Amino acid sequence: MNKIITLIKTHKIKSIVFAILLIWYYFSLPKQLFSEPTSTVIESIDGQLLGAQIATDGQWRFPHSDSIPAKFSASIIAFEDAYFYKHPGFNPVSIAKAFWQNIKSGSVKRGGSTLTQQVIRLSRKGQGRTYFEKFIEIILSTRLEFRHSKNDILGLYAANAPFGGNVVGLDVAAWRYFGRNPHNLSWAESATLAVLPNAPSLIYPGKNQQRLLEKRNRLLKKLFEEETIDDLTYELAIQEKLPQKPYPLPKIASHLLQAVNKEHTGKRIKTSVSKALQQRINTIVKNNYNTLQQNQIYNIGVLVLDVKTRKVLAYVGNSPTDIEHQKDVDVIDKPRSTGSILKPFLYAAMLDAGEILPNTLVADIPTQIASYNPKNFDLEYDGAVPASRALSRSLNVPAVRMLQDFGLDRFHHYVKELGLTDIKYNANHYGLSLILGGAESNLWDLCKSYAAMSSTINHYQETSGKYYTNEFVNPTYLAEDEVDFGKLSTEKTIFDAGSIYMTYQSLKEVNRPEGEENWEFFDSSKEIAWKTGTSFGFRDAWAIGSTKDYVVGVWVGNADGEGRPGLVGVSTAAPILFDVFDVLPKSDWFKEPFDEMEKIPVCSKSGYRASEICEQKDSVFVQRAGLKTKACPYHLWVHLDESKQYQVNSSCYPINKMEHTSWFVLPPLEAFYYQRKNPTYKTLPSFLSSCLSNSKAVMDFIYPKESVKVFLPKDFDENTNQLVFRLAHNVPDIKIFWYLNEHYIGTTQTFHELALSPKPGKHIVTVVDELGNEIKRVIEITD
């Protein structure tokens, strides 16, 4: 140490110069050799290429890969730098030979560069090939050797070497010229790529094929002579043909690539997508598109989620249509009218809040709420229908009436809690149409919500009755991401497991909606909780289904919003849904969350908690919150005469001779429609003529509704059409007396319909039955 100090003091200037040179040498090599933009690349869960987007400078240049195929490594070293693993970054012998050859020829004929020097030259693009530049390359090459391992240097070369045209790097070259992963190349193919960076222009189709073939075969012969390959491999390799034209890069998940590129531009991303599943679903979408386009329906989106991991297994952002029909639009994240797809959330919310039991009867009758007049898809009415059946059949009127009973603001709060990001306005903006497609959402958010509900049931079982605080977490398409479900809690996240399970029990029932004759072709044995939706004007068709393990979402329509006849969820989206479930692994049905359920007696006819006078009861499991629902309101004690043909009361009949019986009684309008679908429904017997009726509501208007404005059109003879009043009454064959503005206008019996021609303005219609019951209706006639 003392000698070194003495030497430095003796040669101060030289020491300073040496120190400066040493510092310059240390910092001479940039931290990042290559700063050119790279392509965005997405891979499947097992590392297979799904697609790539060209770099912003117009070059196909994949991000650096740490893995270099053994065949290419052996080929490039044999061709370019036989002493690669022995030299310190430059080869003095090769440089001397090149220098002597260049002097003899009077021009630069040979470079003598090692692979390390070529990496430096590639990083210093644009520099002239001079002796001074060669000296700089040597210095930087030795520095590079200190910083990186030999394999790292080989990787830098493979990722940045030119392979002809706008193809840069081994990964892209393998796909462009041979259509497969570089690790799957043959010896002949690897040798072809090894000789290309030395003369990239040789790859152009139809040009220089013989020269390229000769260079490749010389390299193969050298590999054979060095015993890298055996005799049979060599003979087979030289028989292989050269590539004739570039292959297109895979486009297996092009819309997922778009999504990834927004947040991970220029990176290589391993996704959670299964390549095999993605390809099979691509085929399903293509086959259905070929059929749907005949009806001018051009766009389809399909999303498949793993319930347990909340990862994307398949992502088909659109059908293989053309530019005119917006093939590049990713419809999965685009807001579209929801149709009926929100109905299960309302059903679950009402179960969760203890507002209904699964089969509670809800009214299905002509309904006018202010200016809103919802109608069922088939324009028919059941009078009264179990809530679960109303959901599985997707009846509109019961859904609207349920929403009105539950509360619009209250349900809007639930929807916001679900994380449906496209529902941006307050509840009054949407009104009651919120449940029938008055709002917009997207396939991503909807599938996320269904997956979260499915996972709630699963986690409840796995954790012995607990919930995760972040159950409704956003899914991910990144393979390395692990979703955070939050902490365990005894409190439900949004819906309790029992309510969700009951909702799914309803959704797995295959009930054929009226007018959908092809429904019988669907396999009812599949235990899938699923729901369809169709937006107003036939613009959007939805189908979303869930099993214990998977959620599949399908949207069908036109990206430009054009509606088409027949664009209905059940006939366009549902077949795709079932096709996708067919290619997924078999999944078991959910296990009952018994800790959130209770077995209670339920009235068989009404679905309410059974009262003491319900004549038929079922013992069923219901959600625990359902214990606070009211008892059956439809069963009444009815007093009959001894013949059981007439109703009586104490004013006209001896009490000791009365027959007391329980009777299932619906409100008049509900009974009117219910009896059409349920011929076994028994209306109340008439009262004995000598008895006074103390019955409650026994009749109601079918048309018109309360406070409605009516326009009476004219016929071809310029005569104003009449307005037909219709009434339903509980008692058959009873007489009804009609009054318009307190003026008697007629009597009806059995069928209560009356045609009138009221003048423009407000009117009061009054009807009185022969028992003295009276109802009124206010209408306004407009010109």
# chains A, B, ... in the order shown; residues from 1 in each chain; ligands from 1
$ closest_atom_pairs --of "segment 426-500 of chain A" --to "segment 399-409 of chain A" --cutoff "7 Å" --atoms "only C-alpha atoms" --output "CSV"
residue,atom,partner,partner_atom,distance
A:Ala427,CA,A:Asp409,CA,5.5
A:Leu432,CA,A:Val400,CA,6.2
A:Ile435,CA,A:Val400,CA,6.7
$ write_last_selection --atoms "N, CA, C and O atoms" --output "PDB file, in the first residue's frame"
ATOM      1  N   ALA A 427     -81.162   8.615  -8.916  1.00  0.00           N
ATOM      2  CA  ALA A 427     -82.253   7.669  -9.148  1.00  0.00           C
ATOM      3  C   ALA A 427     -83.378   8.290  -9.964  1.00  0.00           C
ATOM      4  O   ALA A 427     -83.957   7.639 -10.837  1.00  0.00           O
ATOM      5  N   LEU A 432     -88.449   4.481 -12.712  1.00  0.00           N
ATOM      6  CA  LEU A 432     -88.712   3.046 -12.584  1.00  0.00           C
ATOM      7  C   LEU A 432     -88.205   2.256 -13.772  1.00  0.00           C
ATOM      8  O   LEU A 432     -88.076   1.031 -13.700  1.00  0.00           O
ATOM      9  N   ILE A 435     -85.065  -0.585 -13.964  1.00  0.00           N
ATOM     10  CA  ILE A 435     -85.057  -2.049 -13.888  1.00  0.00           C
ATOM     11  C   ILE A 435     -85.300  -2.701 -15.244  1.00  0.00           C
ATOM     12  O   ILE A 435     -85.100  -3.908 -15.409  1.00  0.00           O
TER      13      ILE A 435
END
$ residues_around --residues "Ile77 of chain A" --least-positions-apart "4" --cutoff "10 Å" --atoms "only C-alpha atoms" --output "number ranges by chain"
A: 72-73, 81-85, 114-115, 154, 194
$ write_last_selection --atoms "N, CA, C and O atoms" --output "short mmCIF file (atom, residue, chain, number, x, y, z; two decimals), in the first residue's frame"
data_model
loop_
_atom_site.label_atom_id
_atom_site.label_comp_id
_atom_site.auth_asym_id
_atom_site.auth_seq_id
_atom_site.Cartn_x
_atom_site.Cartn_y
_atom_site.Cartn_z
N PHE A 72 -30.69 -21.62 -31.49
CA PHE A 72 -30.26 -20.33 -32.04
C PHE A 72 -28.94 -19.92 -31.41
O PHE A 72 -28.05 -19.40 -32.10
N SER A 73 -28.79 -20.15 -30.12
CA SER A 73 -27.56 -19.78 -29.43
C SER A 73 -26.36 -20.49 -30.06
O SER A 73 -25.33 -19.86 -30.37
N ASP A 81 -19.25 -15.87 -33.87
CA ASP A 81 -18.25 -15.64 -32.82
C ASP A 81 -17.94 -16.95 -32.10
O ASP A 81 -18.46 -17.21 -31.01
N ALA A 82 -17.08 -17.76 -32.70
CA ALA A 82 -16.80 -19.09 -32.15
C ALA A 82 -16.14 -19.02 -30.77
O ALA A 82 -16.25 -19.97 -29.99
N TYR A 83 -15.46 -17.92 -30.46
CA TYR A 83 -14.77 -17.79 -29.17
C TYR A 83 -15.55 -16.88 -28.21
O TYR A 83 -14.95 -16.28 -27.30
N PHE A 84 -16.84 -16.80 -28.41
CA PHE A 84 -17.69 -15.88 -27.63
C PHE A 84 -17.52 -16.09 -26.13
O PHE A 84 -17.42 -15.12 -25.36
N TYR A 85 -17.47 -17.32 -25.68
CA TYR A 85 -17.40 -17.59 -24.24
C TYR A 85 -15.97 -17.50 -23.68
O TYR A 85 -15.77 -17.73 -22.49
N THR A 114 -16.80 -9.20 -32.56
CA THR A 114 -17.42 -10.24 -31.75
C THR A 114 -18.92 -9.91 -31.59
O THR A 114 -19.38 -8.82 -31.94
N LEU A 115 -19.66 -10.85 -31.02
CA LEU A 115 -21.07 -10.57 -30.74
C LEU A 115 -21.22 -9.42 -29.75
O LEU A 115 -22.15 -8.63 -29.85
N LEU A 154 -25.75 -12.19 -25.04
CA LEU A 154 -26.37 -12.92 -26.15
C LEU A 154 -27.85 -12.54 -26.26
O LEU A 154 -28.39 -12.39 -27.37
N ALA A 194 -29.96 -17.20 -37.81
CA ALA A 194 -28.62 -16.85 -37.34
C ALA A 194 -27.82 -16.12 -38.41
O ALA A 194 -27.00 -15.25 -38.08
#
$ residues_around --residues "Ile76 of chain A" --least-positions-apart "6" --cutoff "12 Å" --atoms "only C-alpha atoms" --output "ChimeraX atom specification"
/A:68-70,82-84,114-115,154-155,157-158,161,170,187,189-198,216,219-220,222-223
$ residues_around --residues "segment 224-233 of chain A" --least-positions-apart "4" --cutoff "10 Å" --atoms "only C-alpha atoms" --output "ChimeraX atom specification"
/A:71,74-75,78,186-188,218-220,237-238
$ write_last_selection --atoms "N, CA and C atoms" --output "PDB file, in the first residue's frame"
ATOM      1  N   LYS A  71     -30.834 -23.834 -29.759  1.00  0.00           N
ATOM      2  CA  LYS A  71     -30.462 -24.023 -31.162  1.00  0.00           C
ATOM      3  C   LYS A  71     -29.986 -22.716 -31.786  1.00  0.00           C
ATOM      4  N   ALA A  74     -26.503 -21.798 -30.282  1.00  0.00           N
ATOM      5  CA  ALA A  74     -25.411 -22.556 -30.895  1.00  0.00           C
ATOM      6  C   ALA A  74     -25.148 -22.083 -32.312  1.00  0.00           C
ATOM      7  N   SER A  75     -26.210 -21.763 -33.046  1.00  0.00           N
ATOM      8  CA  SER A  75     -26.066 -21.351 -34.446  1.00  0.00           C
ATOM      9  C   SER A  75     -25.396 -19.998 -34.561  1.00  0.00           C
ATOM     10  N   ALA A  78     -21.673 -20.192 -33.619  1.00  0.00           N
ATOM     11  CA  ALA A  78     -20.891 -20.861 -34.665  1.00  0.00           C
ATOM     12  C   ALA A  78     -20.711 -19.956 -35.873  1.00  0.00           C
ATOM     13  N   SER A 186     -36.757 -25.423 -35.750  1.00  0.00           N
ATOM     14  CA  SER A 186     -35.853 -26.532 -36.085  1.00  0.00           C
ATOM     15  C   SER A 186     -34.435 -25.990 -36.223  1.00  0.00           C
ATOM     16  N   TRP A 187     -33.493 -26.917 -36.430  1.00  0.00           N
ATOM     17  CA  TRP A 187     -32.108 -26.488 -36.639  1.00  0.00           C
ATOM     18  C   TRP A 187     -31.968 -25.663 -37.903  1.00  0.00           C
ATOM     19  N   ALA A 188     -32.671 -26.049 -38.955  1.00  0.00           N
ATOM     20  CA  ALA A 188     -32.585 -25.304 -40.214  1.00  0.00           C
ATOM     21  C   ALA A 188     -33.156 -23.899 -40.041  1.00  0.00           C
ATOM     22  N   ARG A 218     -24.099 -23.710 -45.253  1.00  0.00           N
ATOM     23  CA  ARG A 218     -22.711 -23.692 -44.775  1.00  0.00           C
ATOM     24  C   ARG A 218     -22.679 -23.697 -43.249  1.00  0.00           C
ATOM     25  N   LEU A 219     -23.582 -22.959 -42.663  1.00  0.00           N
ATOM     26  CA  LEU A 219     -23.642 -22.944 -41.204  1.00  0.00           C
ATOM     27  C   LEU A 219     -24.050 -24.314 -40.675  1.00  0.00           C
ATOM     28  N   LEU A 220     -25.040 -24.944 -41.304  1.00  0.00           N
ATOM     29  CA  LEU A 220     -25.464 -26.275 -40.860  1.00  0.00           C
ATOM     30  C   LEU A 220     -24.317 -27.279 -40.983  1.00  0.00           C
ATOM     31  N   ALA A 237     -32.026 -31.292 -42.181  1.00  0.00           N
ATOM     32  CA  ALA A 237     -32.051 -29.832 -42.089  1.00  0.00           C
ATOM     33  C   ALA A 237     -31.815 -29.170 -43.443  1.00  0.00           C
ATOM     34  N   ILE A 238     -30.864 -29.691 -44.208  1.00  0.00           N
ATOM     35  CA  ILE A 238     -30.564 -29.035 -45.490  1.00  0.00           C
ATOM     36  C   ILE A 238     -31.665 -29.265 -46.526  1.00  0.00           C
TER      37      ILE A 238
END
$ atom_distance --atom1 "atom CA of Pro398 of chain A" --atom2 "atom CA of Gly607 of chain A"
14.9 Å
$ residues_around --residues "Asp582 of chain A" --least-positions-apart "4" --cutoff "12 Å" --atoms "only C-alpha atoms" --output "mmCIF file with all heavy atoms, in the first residue's frame"
data_model
loop_
_atom_site.group_PDB
_atom_site.id
_atom_site.type_symbol
_atom_site.label_atom_id
_atom_site.label_comp_id
_atom_site.auth_asym_id
_atom_site.auth_seq_id
_atom_site.Cartn_x
_atom_site.Cartn_y
_atom_site.Cartn_z
ATOM 1 N N LEU A 277 -58.788 -22.147 -24.556
ATOM 2 C CA LEU A 277 -60.164 -21.717 -24.321
ATOM 3 C C LEU A 277 -60.500 -20.499 -25.175
ATOM 4 O O LEU A 277 -61.583 -20.421 -25.771
ATOM 5 C CB LEU A 277 -60.363 -21.398 -22.843
ATOM 6 C CG LEU A 277 -61.754 -20.903 -22.438
ATOM 7 C CD1 LEU A 277 -62.805 -21.974 -22.718
ATOM 8 C CD2 LEU A 277 -61.774 -20.494 -20.972
ATOM 9 N N ARG A 280 -61.199 -21.559 -28.731
ATOM 10 C CA ARG A 280 -62.481 -22.253 -28.885
ATOM 11 C C ARG A 280 -63.641 -21.259 -28.823
ATOM 12 O O ARG A 280 -64.612 -21.376 -29.581
ATOM 13 C CB ARG A 280 -62.633 -23.323 -27.809
ATOM 14 C CG ARG A 280 -61.601 -24.442 -27.910
ATOM 15 C CD ARG A 280 -61.815 -25.536 -26.890
ATOM 16 N NE ARG A 280 -62.954 -26.383 -27.245
ATOM 17 C CZ ARG A 280 -63.311 -27.461 -26.557
ATOM 18 N NH1 ARG A 280 -62.628 -27.821 -25.485
ATOM 19 N NH2 ARG A 280 -64.353 -28.178 -26.925
ATOM 20 N N ILE A 281 -63.524 -20.277 -27.957
ATOM 21 C CA ILE A 281 -64.597 -19.278 -27.871
ATOM 22 C C ILE A 281 -64.567 -18.365 -29.092
ATOM 23 O O ILE A 281 -65.625 -17.931 -29.581
ATOM 24 C CB ILE A 281 -64.485 -18.489 -26.554
ATOM 25 C CG1 ILE A 281 -64.695 -19.439 -25.371
ATOM 26 C CG2 ILE A 281 -65.502 -17.353 -26.508
ATOM 27 C CD1 ILE A 281 -64.551 -18.799 -24.019
ATOM 28 N N ILE A 284 -66.581 -20.177 -31.535
ATOM 29 C CA ILE A 284 -68.008 -20.079 -31.207
ATOM 30 C C ILE A 284 -68.565 -18.727 -31.664
ATOM 31 O O ILE A 284 -69.633 -18.651 -32.284
ATOM 32 C CB ILE A 284 -68.216 -20.267 -29.696
ATOM 33 C CG1 ILE A 284 -67.922 -21.713 -29.293
ATOM 34 C CG2 ILE A 284 -69.639 -19.873 -29.287
ATOM 35 C CD1 ILE A 284 -67.887 -21.933 -27.794
ATOM 36 N N PHE A 522 -82.620 -25.835 -25.477
ATOM 37 C CA PHE A 522 -81.580 -25.608 -24.489
ATOM 38 C C PHE A 522 -81.592 -26.730 -23.457
ATOM 39 O O PHE A 522 -82.635 -27.247 -23.090
ATOM 40 C CB PHE A 522 -81.770 -24.255 -23.799
ATOM 41 C CG PHE A 522 -81.544 -23.088 -24.700
ATOM 42 C CD1 PHE A 522 -82.166 -21.878 -24.471
ATOM 43 C CD2 PHE A 522 -80.720 -23.204 -25.807
ATOM 44 C CE1 PHE A 522 -81.962 -20.802 -25.309
ATOM 45 C CE2 PHE A 522 -80.499 -22.142 -26.643
ATOM 46 C CZ PHE A 522 -81.120 -20.938 -26.404
ATOM 47 N N ASP A 523 -80.431 -27.080 -23.002
ATOM 48 C CA ASP A 523 -80.276 -28.210 -22.096
ATOM 49 C C ASP A 523 -80.640 -27.798 -20.679
ATOM 50 O O ASP A 523 -79.881 -27.116 -19.997
ATOM 51 C CB ASP A 523 -78.824 -28.701 -22.155
ATOM 52 C CG ASP A 523 -78.616 -29.956 -21.331
ATOM 53 O OD1 ASP A 523 -79.580 -30.395 -20.681
ATOM 54 O OD2 ASP A 523 -77.501 -30.495 -21.356
ATOM 55 N N LYS A 526 -78.364 -28.561 -17.301
ATOM 56 C CA LYS A 526 -77.188 -27.809 -16.858
ATOM 57 C C LYS A 526 -77.581 -26.929 -15.678
ATOM 58 O O LYS A 526 -78.504 -26.134 -15.765
ATOM 59 C CB LYS A 526 -76.643 -26.954 -17.996
ATOM 60 C CG LYS A 526 -76.073 -27.753 -19.150
ATOM 61 C CD LYS A 526 -75.500 -26.817 -20.202
ATOM 62 C CE LYS A 526 -74.959 -27.600 -21.383
ATOM 63 N NZ LYS A 526 -73.888 -28.516 -21.000
ATOM 64 N N GLU A 527 -76.862 -27.071 -14.593
ATOM 65 C CA GLU A 527 -77.146 -26.253 -13.420
ATOM 66 C C GLU A 527 -76.367 -24.949 -13.527
ATOM 67 O O GLU A 527 -75.246 -24.824 -13.041
ATOM 68 C CB GLU A 527 -76.816 -27.016 -12.144
ATOM 69 C CG GLU A 527 -77.778 -28.172 -11.898
ATOM 70 C CD GLU A 527 -77.681 -28.718 -10.495
ATOM 71 O OE1 GLU A 527 -76.570 -29.137 -10.128
ATOM 72 O OE2 GLU A 527 -78.689 -28.719 -9.771
ATOM 73 N N ILE A 528 -76.986 -23.996 -14.182
ATOM 74 C CA ILE A 528 -76.386 -22.691 -14.420
ATOM 75 C C ILE A 528 -77.391 -21.626 -13.987
ATOM 76 O O ILE A 528 -78.552 -21.671 -14.373
ATOM 77 C CB ILE A 528 -76.042 -22.487 -15.911
ATOM 78 C CG1 ILE A 528 -75.060 -23.558 -16.392
ATOM 79 C CG2 ILE A 528 -75.460 -21.096 -16.147
ATOM 80 C CD1 ILE A 528 -74.877 -23.583 -17.893
ATOM 81 N N TYR A 550 -67.404 -20.560 -12.614
ATOM 82 C CA TYR A 550 -67.217 -19.676 -13.770
ATOM 83 C C TYR A 550 -68.394 -18.728 -13.948
ATOM 84 O O TYR A 550 -69.539 -19.062 -13.644
ATOM 85 C CB TYR A 550 -67.051 -20.491 -15.062
ATOM 86 C CG TYR A 550 -65.962 -21.535 -14.981
ATOM 87 C CD1 TYR A 550 -66.285 -22.878 -14.828
ATOM 88 C CD2 TYR A 550 -64.620 -21.175 -15.032
ATOM 89 C CE1 TYR A 550 -65.295 -23.839 -14.735
ATOM 90 C CE2 TYR A 550 -63.623 -22.129 -14.936
ATOM 91 C CZ TYR A 550 -63.966 -23.459 -14.784
ATOM 92 O OH TYR A 550 -62.983 -24.405 -14.680
ATOM 93 N N VAL A 552 -69.892 -16.437 -17.211
ATOM 94 C CA VAL A 552 -69.808 -16.158 -18.643
ATOM 95 C C VAL A 552 -70.785 -15.030 -18.953
ATOM 96 O O VAL A 552 -71.955 -15.082 -18.560
ATOM 97 C CB VAL A 552 -70.164 -17.398 -19.487
ATOM 98 C CG1 VAL A 552 -70.152 -17.047 -20.982
ATOM 99 C CG2 VAL A 552 -69.190 -18.530 -19.205
ATOM 100 N N PRO A 575 -77.799 -18.668 -26.775
ATOM 101 C CA PRO A 575 -77.130 -19.807 -27.417
ATOM 102 C C PRO A 575 -75.610 -19.732 -27.317
ATOM 103 O O PRO A 575 -74.942 -20.750 -27.145
ATOM 104 C CB PRO A 575 -77.603 -19.718 -28.874
ATOM 105 C CG PRO A 575 -78.915 -19.018 -28.803
ATOM 106 C CD PRO A 575 -78.756 -18.018 -27.697
ATOM 107 N N ILE A 576 -75.065 -18.529 -27.427
ATOM 108 C CA ILE A 576 -73.610 -18.361 -27.297
ATOM 109 C C ILE A 576 -73.181 -18.691 -25.870
ATOM 110 O O ILE A 576 -72.165 -19.354 -25.645
ATOM 111 C CB ILE A 576 -73.197 -16.928 -27.675
ATOM 112 C CG1 ILE A 576 -73.576 -16.632 -29.133
ATOM 113 C CG2 ILE A 576 -71.691 -16.722 -27.471
ATOM 114 C CD1 ILE A 576 -73.339 -15.192 -29.544
ATOM 115 N N LEU A 577 -73.980 -18.229 -24.907
ATOM 116 C CA LEU A 577 -73.686 -18.508 -23.495
ATOM 117 C C LEU A 577 -73.565 -20.005 -23.254
ATOM 118 O O LEU A 577 -72.606 -20.476 -22.638
ATOM 119 C CB LEU A 577 -74.788 -17.910 -22.621
ATOM 120 C CG LEU A 577 -74.645 -18.138 -21.118
ATOM 121 C CD1 LEU A 577 -73.783 -17.042 -20.504
ATOM 122 C CD2 LEU A 577 -76.006 -18.160 -20.435
ATOM 123 N N PHE A 578 -74.527 -20.766 -23.748
ATOM 124 C CA PHE A 578 -74.510 -22.208 -23.513
ATOM 125 C C PHE A 578 -73.392 -22.892 -24.299
ATOM 126 O O PHE A 578 -72.815 -23.877 -23.819
ATOM 127 C CB PHE A 578 -75.871 -22.813 -23.862
ATOM 128 C CG PHE A 578 -76.878 -22.628 -22.772
ATOM 129 C CD1 PHE A 578 -77.682 -21.498 -22.734
ATOM 130 C CD2 PHE A 578 -77.011 -23.546 -21.750
ATOM 131 C CE1 PHE A 578 -78.609 -21.311 -21.723
ATOM 132 C CE2 PHE A 578 -77.922 -23.376 -20.729
ATOM 133 C CZ PHE A 578 -78.726 -22.250 -20.716
ATOM 134 N N LYS A 586 -66.656 -29.044 -16.306
ATOM 135 C CA LYS A 586 -67.903 -29.218 -15.575
ATOM 136 C C LYS A 586 -67.771 -28.620 -14.178
ATOM 137 O O LYS A 586 -66.744 -28.750 -13.524
ATOM 138 C CB LYS A 586 -68.260 -30.700 -15.479
ATOM 139 C CG LYS A 586 -69.606 -30.970 -14.827
ATOM 140 C CD LYS A 586 -69.933 -32.446 -14.798
ATOM 141 C CE LYS A 586 -71.283 -32.696 -14.131
ATOM 142 N NZ LYS A 586 -71.602 -34.150 -14.074
ATOM 143 N N SER A 587 -68.844 -27.973 -13.751
ATOM 144 C CA SER A 587 -68.821 -27.299 -12.454
ATOM 145 C C SER A 587 -70.019 -27.731 -11.625
ATOM 146 O O SER A 587 -71.133 -27.856 -12.137
ATOM 147 C CB SER A 587 -68.848 -25.784 -12.662
ATOM 148 O OG SER A 587 -68.786 -25.106 -11.435
#
$ select_by_dssp --residues "segment 624-748 of chain A" --states "strand (DSSP E)" --output "VMD selection string"
chain A and resid 635 to 640 659 to 664 699 to 703 708 to 711 723 to 729 735 to 740 743 to 748
$ residues_around --residues "Lys251 of chain A" --least-positions-apart "3" --cutoff "7 Å" --atoms "only C-alpha atoms" --output "number ranges by chain"
A: 50-51, 254
$ write_last_selection --atoms "C-alpha atoms" --output "compact mmCIF listing (two decimals), in the first residue's frame"
# COMPACT_ATOMS: atom_id res chain seq x y z
CA LEU A 50 -51.77 -14.22 -28.05
CA GLY A 51 -50.99 -11.05 -29.95
CA SER A 254 -56.81 -8.60 -30.23
$ closest_residue --among "A:Met350, A:Asp328, A:Gly169, A:Leu666" --to "Pro182 of chain A" --atoms "only C-alpha atoms"
A:Gly169
$ residues_around --residues "segment 491-494 of chain A" --least-positions-apart "3" --cutoff "7 Å" --atoms "only C-alpha atoms" --output "PyMOL selection string"
chain A and resi 467-469+471
$ write_last_selection --atoms "N, CA and C atoms" --output "short mmCIF file (atom, residue, chain, number, x, y, z; two decimals), in the first residue's frame"
data_model
loop_
_atom_site.label_atom_id
_atom_site.label_comp_id
_atom_site.auth_asym_id
_atom_site.auth_seq_id
_atom_site.Cartn_x
_atom_site.Cartn_y
_atom_site.Cartn_z
N TYR A 467 -67.87 -13.35 5.69
CA TYR A 467 -67.85 -12.63 4.42
C TYR A 467 -66.53 -11.88 4.29
N TYR A 468 -66.11 -11.64 3.05
CA TYR A 468 -64.94 -10.81 2.79
C TYR A 468 -65.39 -9.37 2.55
N THR A 469 -64.66 -8.42 3.10
CA THR A 469 -65.05 -7.01 3.02
C THR A 469 -64.89 -6.43 1.62
N GLU A 471 -65.36 -8.20 -1.36
CA GLU A 471 -65.82 -9.29 -2.24
C GLU A 471 -66.07 -8.80 -3.66
#
$ closest_residue --among "A:Asp445, A:Leu379, A:Ser571, A:Arg726" --to "Asn288 of chain A" --atoms "only C-alpha atoms"
A:Ser571
$ closest_residue --among "A:Val551, A:Leu434, A:Leu156, A:Ile323" --to "Tyr372 of chain A" --atoms "only C-alpha atoms"
A:Leu434
$ atom_distance --atom1 "atom CA of Ile544 of chain A" --atom2 "atom CA of Tyr347 of chain A"
15.9 Å
$ atom_distance --atom1 "atom CA of Gly465 of chain A" --atom2 "atom CA of Lys591 of chain A"
12.3 Å
$ decode --residues "segment 367-376 of chain A" --atoms "N, CA, C and O atoms" --output "PDB file, in the first residue's frame"
ATOM      1  N   THR A 367    -100.479  -1.883 -15.812  1.00  0.00           N
ATOM      2  CA  THR A 367    -100.008  -0.941 -14.796  1.00  0.00           C
ATOM      3  C   THR A 367     -99.695   0.413 -15.412  1.00  0.00           C
ATOM      4  O   THR A 367     -99.042   0.491 -16.459  1.00  0.00           O
ATOM      5  N   GLN A 368    -100.176   1.456 -14.779  1.00  0.00           N
ATOM      6  CA  GLN A 368     -99.875   2.828 -15.187  1.00  0.00           C
ATOM      7  C   GLN A 368     -99.379   3.550 -13.953  1.00  0.00           C
ATOM      8  O   GLN A 368    -100.120   3.720 -12.977  1.00  0.00           O
ATOM      9  N   ILE A 369     -98.107   3.970 -13.959  1.00  0.00           N
ATOM     10  CA  ILE A 369     -97.532   4.706 -12.833  1.00  0.00           C
ATOM     11  C   ILE A 369     -97.122   6.067 -13.363  1.00  0.00           C
ATOM     12  O   ILE A 369     -96.133   6.194 -14.091  1.00  0.00           O
ATOM     13  N   ALA A 370     -97.949   7.092 -13.028  1.00  0.00           N
ATOM     14  CA  ALA A 370     -97.783   8.423 -13.623  1.00  0.00           C
ATOM     15  C   ALA A 370     -97.853   8.268 -15.146  1.00  0.00           C
ATOM     16  O   ALA A 370     -98.816   7.744 -15.677  1.00  0.00           O
ATOM     17  N   SER A 371     -96.818   8.681 -15.851  1.00  0.00           N
ATOM     18  CA  SER A 371     -96.820   8.554 -17.316  1.00  0.00           C
ATOM     19  C   SER A 371     -96.129   7.286 -17.793  1.00  0.00           C
ATOM     20  O   SER A 371     -95.988   7.064 -18.996  1.00  0.00           O
ATOM     21  N   TYR A 372     -95.702   6.452 -16.836  1.00  0.00           N
ATOM     22  CA  TYR A 372     -94.950   5.244 -17.202  1.00  0.00           C
ATOM     23  C   TYR A 372     -95.893   4.053 -17.287  1.00  0.00           C
ATOM     24  O   TYR A 372     -96.642   3.762 -16.345  1.00  0.00           O
ATOM     25  N   ASN A 373     -95.850   3.358 -18.425  1.00  0.00           N
ATOM     26  CA  ASN A 373     -96.763   2.247 -18.677  1.00  0.00           C
ATOM     27  C   ASN A 373     -95.966   1.013 -19.123  1.00  0.00           C
ATOM     28  O   ASN A 373     -95.882   0.705 -20.307  1.00  0.00           O
ATOM     29  N   PRO A 374     -95.357   0.282 -18.151  1.00  0.00           N
ATOM     30  CA  PRO A 374     -94.544  -0.884 -18.525  1.00  0.00           C
ATOM     31  C   PRO A 374     -95.420  -2.013 -19.057  1.00  0.00           C
ATOM     32  O   PRO A 374     -96.587  -2.158 -18.675  1.00  0.00           O
ATOM     33  N   LYS A 375     -94.844  -2.812 -19.929  1.00  0.00           N
ATOM     34  CA  LYS A 375     -95.547  -3.962 -20.498  1.00  0.00           C
ATOM     35  C   LYS A 375     -94.614  -5.167 -20.498  1.00  0.00           C
ATOM     36  O   LYS A 375     -93.402  -5.022 -20.616  1.00  0.00           O
ATOM     37  N   ASN A 376     -95.208  -6.347 -20.388  1.00  0.00           N
ATOM     38  CA  ASN A 376     -94.421  -7.562 -20.525  1.00  0.00           C
ATOM     39  C   ASN A 376     -94.031  -7.766 -21.978  1.00  0.00           C
ATOM     40  O   ASN A 376     -94.693  -7.268 -22.898  1.00  0.00           O
TER      41      ASN A 376
END
